[in-house]
Amino acid sequence: MAPPVFAQQAADVAIVLAVDASSSVNFAEFGLQMQGIAAALRSPEVHSAIANGPSGAVAITMVQWSGPLQVRQAFPWRLITSPSTAEALAVEVENTPRYFSVGSTAIGRALTYSADMFDKLPWSAGRRVIDLSGDGANTDNPPVGPARAEVISRGITINGLPILAQEVDIDRYYREHVIGGHGAFIEVADDYEAFQAAMERKLLREVQTEPLISRLED
């Protein structure tokens, strides 16, 4: 019997969008994150970058996170192969409920939980990326350092989108303590109103980045 079609299909990159839903994020700010992600998925530049990749496909899921016991996959993995599939995901993002509203900022747990999402990925992927956004430093267990090291050791890149709404130096914290792995970077949002532009820049960079194997051969 031939294997199912989805098992044969590859994505150029698989991205976990790890979204801050802790106490520091009010409902309006959470909504701006969802609107920003949806807008980035509708970007013609992002559509073009996906289409120009070797597989012409990108896999995306979302994780909402707060405290160590407050972390959840918001929807299953989705494969983006066209503007229409990107639009379908944008609508799904806009309609995604907020699962947590009160809790600490457990970045270490957000990272390890997000890394485990790749075990559920139904397609092969040239690269695996955790795209973590938030407005504060870690305030709970597990510590970020060991969690970060564990994720990187699994060949996963951690990129960051720090939001300068609560802590003015959170971008430096993300750069020094959160991001890591091959080609890791941050895109900074000056506030929640700037989240959409930062997310679009970030997603575009992640989609356009060449696969690890080709970089090693250069």
# chains A, B, ... in the order shown; residues from 1 in each chain; ligands from 1
call {"tool": "select_by_dssp", "arguments": {"residues": "segment 35-202 of chain A", "states": "strand (DSSP E or B)", "output": "PyMOL selection string"}}
result
chain A and resi 58-65+71-80+124-125+128-134+157-163+180+186+189
call {"tool": "residues_around", "arguments": {"residues": "Ala51 of chain A", "least_positions_apart": "2", "cutoff": "12 Å", "atoms": "only C-alpha atoms", "output": "JSON, numbers by chain"}}
result
{"A": [11, 12, 44, 45, 46, 47, 48, 49, 53, 54, 55, 56, 57, 58, 80, 81, 82, 83, 86, 204, 207, 208]}
call {"tool": "write_last_selection", "arguments": {"atoms": "C-alpha atoms", "output": "compact mmCIF listing (two decimals), in the first residue's frame"}}
result
# COMPACT_ATOMS: atom_id res chain seq x y z
CA ALA A 11 8.40 21.64 4.25
CA ASP A 12 11.34 23.97 3.81
CA PRO A 44 2.49 38.90 -0.44
CA GLU A 45 6.21 39.02 0.33
CA VAL A 46 5.87 36.02 2.65
CA HIS A 47 3.80 34.19 0.02
CA SER A 48 6.50 34.83 -2.58
CA ALA A 49 9.27 33.65 -0.25
CA GLY A 53 11.67 27.75 -1.53
CA PRO A 54 12.87 24.32 -2.67
CA SER A 55 9.65 22.64 -1.52
CA GLY A 56 7.37 25.66 -1.77
CA ALA A 57 5.91 24.77 1.63
CA VAL A 58 6.17 25.90 5.24
CA ILE A 80 1.27 26.51 3.89
CA THR A 81 1.69 25.89 0.16
CA SER A 82 -0.23 28.79 -1.41
CA PRO A 83 -1.89 32.13 -0.64
CA ALA A 86 -1.99 30.93 4.18
CA LEU A 204 10.02 36.55 6.06
CA VAL A 207 11.15 31.48 5.34
CA GLN A 208 13.98 32.91 3.23
call {"tool": "closest_atom_pairs", "arguments": {"of": "segment 154-174 of chain A", "to": "segment 185-201 of chain A", "cutoff": "7 Å", "atoms": "only C-alpha atoms", "output": "CSV"}}
result
residue,atom,partner,partner_atom,distance
A:Asn159,CA,A:Phe185,CA,5.2
A:Gly160,CA,A:Ile186,CA,4.6
A:Leu161,CA,A:Glu187,CA,5.1
A:Pro162,CA,A:Val188,CA,5.3
A:Ile163,CA,A:Ala189,CA,4.8
A:Leu164,CA,A:Asp190,CA,4.9
A:Ala165,CA,A:Asp191,CA,5.0
A:Asp171,CA,A:Val188,CA,6.6
call {"tool": "closest_residue", "arguments": {"among": "A:Pro97, A:Gly108, A:Gly36, A:Gly126", "to": "Asn141 of chain A", "atoms": "only C-alpha atoms"}}
result
A:Gly108
call {"tool": "residues_around", "arguments": {"residues": "Arg98 of chain A", "least_positions_apart": "3", "cutoff": "9 Å", "atoms": "only C-alpha atoms", "output": "list in words"}}
result
Ala21, Phe27, Phe30, Gly31, Gln64, Ala74 and Ser101 of chain A
call {"tool": "write_last_selection", "arguments": {"atoms": "N, CA and C atoms", "output": "PDB file, in the first residue's frame"}}
result
ATOM      1  N   ALA A  21       1.203  34.403  26.689  1.00  0.00           N
ATOM      2  CA  ALA A  21      -0.150  34.605  27.206  1.00  0.00           C
ATOM      3  C   ALA A  21      -0.116  34.750  28.728  1.00  0.00           C
ATOM      4  N   PHE A  27      -5.664  41.520  27.392  1.00  0.00           N
ATOM      5  CA  PHE A  27      -6.411  40.902  26.290  1.00  0.00           C
ATOM      6  C   PHE A  27      -6.269  41.689  24.989  1.00  0.00           C
ATOM      7  N   PHE A  30      -2.856  40.702  23.642  1.00  0.00           N
ATOM      8  CA  PHE A  30      -2.909  39.367  23.062  1.00  0.00           C
ATOM      9  C   PHE A  30      -3.579  39.409  21.692  1.00  0.00           C
ATOM     10  N   GLY A  31      -4.653  40.183  21.582  1.00  0.00           N
ATOM     11  CA  GLY A  31      -5.326  40.325  20.301  1.00  0.00           C
ATOM     12  C   GLY A  31      -4.427  40.924  19.239  1.00  0.00           C
ATOM     13  N   GLN A  64       0.630  28.527  22.969  1.00  0.00           N
ATOM     14  CA  GLN A  64       0.436  29.611  23.930  1.00  0.00           C
ATOM     15  C   GLN A  64       1.086  29.199  25.241  1.00  0.00           C
ATOM     16  N   ALA A  74      -2.078  25.441  20.374  1.00  0.00           N
ATOM     17  CA  ALA A  74      -3.349  26.095  20.074  1.00  0.00           C
ATOM     18  C   ALA A  74      -4.074  25.466  18.895  1.00  0.00           C
ATOM     19  N   SER A 101      -4.636  33.431  30.974  1.00  0.00           N
ATOM     20  CA  SER A 101      -4.634  34.883  31.166  1.00  0.00           C
ATOM     21  C   SER A 101      -3.935  35.295  32.459  1.00  0.00           C
TER      22      SER A 101
END
call {"tool": "closest_residue", "arguments": {"among": "A:Asp135, A:Trp123, A:Ala88, A:Val151", "to": "Val168 of chain A", "atoms": "only C-alpha atoms"}}
result
A:Asp135
call {"tool": "decode", "arguments": {"residues": "segment 47-139 of chain A", "atoms": "C-alpha atoms", "output": "tab-separated table (two decimals), in the first residue's frame"}}
result
chain	number	residue	atom	x	y	z
A	47	HIS	CA	3.80	34.19	0.02
A	48	SER	CA	6.50	34.83	-2.58
A	49	ALA	CA	9.27	33.65	-0.25
A	50	ILE	CA	7.40	30.42	0.48
A	51	ALA	CA	6.76	29.78	-3.21
A	52	ASN	CA	10.43	30.33	-4.04
A	53	GLY	CA	11.67	27.75	-1.53
A	54	PRO	CA	12.87	24.32	-2.67
A	55	SER	CA	9.65	22.64	-1.52
A	56	GLY	CA	7.37	25.66	-1.77
A	57	ALA	CA	5.91	24.77	1.63
A	58	VAL	CA	6.17	25.90	5.24
A	59	ALA	CA	4.71	24.12	8.28
A	60	ILE	CA	3.35	26.19	11.18
A	61	THR	CA	1.77	25.53	14.55
A	62	MET	CA	1.14	27.75	17.57
A	63	VAL	CA	1.87	27.30	21.26
A	64	GLN	CA	0.44	29.61	23.93
A	65	TRP	CA	2.52	29.78	27.09
A	66	SER	CA	2.56	31.31	30.54
A	67	GLY	CA	3.52	29.36	33.69
A	68	PRO	CA	5.15	25.91	33.83
A	69	LEU	CA	1.75	24.17	33.80
A	70	GLN	CA	0.16	26.70	31.46
A	71	VAL	CA	1.36	25.75	28.01
A	72	ARG	CA	-0.73	24.40	25.15
A	73	GLN	CA	-0.65	23.76	21.42
A	74	ALA	CA	-3.35	26.10	20.07
A	75	PHE	CA	-3.92	24.22	16.80
A	76	PRO	CA	-2.27	21.30	14.98
A	77	TRP	CA	0.46	21.64	12.39
A	78	ARG	CA	-0.71	23.35	9.18
A	79	LEU	CA	1.09	23.24	5.84
A	80	ILE	CA	1.27	26.51	3.89
A	81	THR	CA	1.69	25.89	0.16
A	82	SER	CA	-0.23	28.79	-1.41
A	83	PRO	CA	-1.89	32.13	-0.64
A	84	SER	CA	-5.17	30.29	-0.08
A	85	THR	CA	-3.70	27.93	2.56
A	86	ALA	CA	-1.99	30.93	4.18
A	87	GLU	CA	-5.33	32.76	4.28
A	88	ALA	CA	-7.02	29.75	5.86
A	89	LEU	CA	-4.41	29.72	8.60
A	90	ALA	CA	-4.67	33.49	9.08
A	91	VAL	CA	-8.41	33.10	9.71
A	92	GLU	CA	-7.72	30.24	12.13
A	93	VAL	CA	-5.22	32.39	14.02
A	94	GLU	CA	-7.70	35.27	14.28
A	95	ASN	CA	-10.28	32.88	15.76
A	96	THR	CA	-7.91	31.15	18.16
A	97	PRO	CA	-9.05	31.62	21.78
A	98	ARG	CA	-6.73	32.69	24.55
A	99	TYR	CA	-6.17	29.68	26.79
A	100	PHE	CA	-4.37	31.42	29.68
A	101	SER	CA	-4.63	34.88	31.17
A	102	VAL	CA	-3.08	34.64	34.64
A	103	GLY	CA	0.31	33.12	35.19
A	104	SER	CA	4.05	33.57	35.39
A	105	THR	CA	6.57	33.83	32.55
A	106	ALA	CA	8.11	30.36	32.19
A	107	ILE	CA	10.25	30.76	29.08
A	108	GLY	CA	12.20	27.57	29.78
A	109	ARG	CA	9.03	25.48	29.79
A	110	ALA	CA	7.76	27.28	26.69
A	111	LEU	CA	10.96	26.28	24.87
A	112	THR	CA	10.94	22.59	25.84
A	113	TYR	CA	7.22	22.20	25.18
A	114	SER	CA	7.57	23.89	21.79
A	115	ALA	CA	10.50	21.62	20.92
A	116	ASP	CA	8.35	18.58	21.63
A	117	MET	CA	5.85	19.79	19.01
A	118	PHE	CA	8.30	18.74	16.30
A	119	ASP	CA	7.71	15.11	17.36
A	120	LYS	CA	4.14	15.60	16.10
A	121	LEU	CA	5.18	17.11	12.75
A	122	PRO	CA	3.54	15.04	9.96
A	123	TRP	CA	6.05	16.14	7.30
A	124	SER	CA	9.79	16.23	6.93
A	125	ALA	CA	11.33	19.69	7.29
A	126	GLY	CA	14.63	21.16	6.16
A	127	ARG	CA	14.80	23.35	9.27
A	128	ARG	CA	13.03	23.48	12.63
A	129	VAL	CA	12.47	26.84	14.31
A	130	ILE	CA	10.86	28.03	17.54
A	131	ASP	CA	9.63	31.60	17.12
A	132	LEU	CA	9.19	32.86	20.70
A	133	SER	CA	7.58	36.22	21.40
A	134	GLY	CA	7.10	37.92	24.76
A	135	ASP	CA	7.47	41.08	26.83
A	136	GLY	CA	9.31	39.85	29.91
A	137	ALA	CA	12.20	37.85	31.31
A	138	ASN	CA	11.77	34.39	32.80
A	139	THR	CA	10.17	34.38	36.27
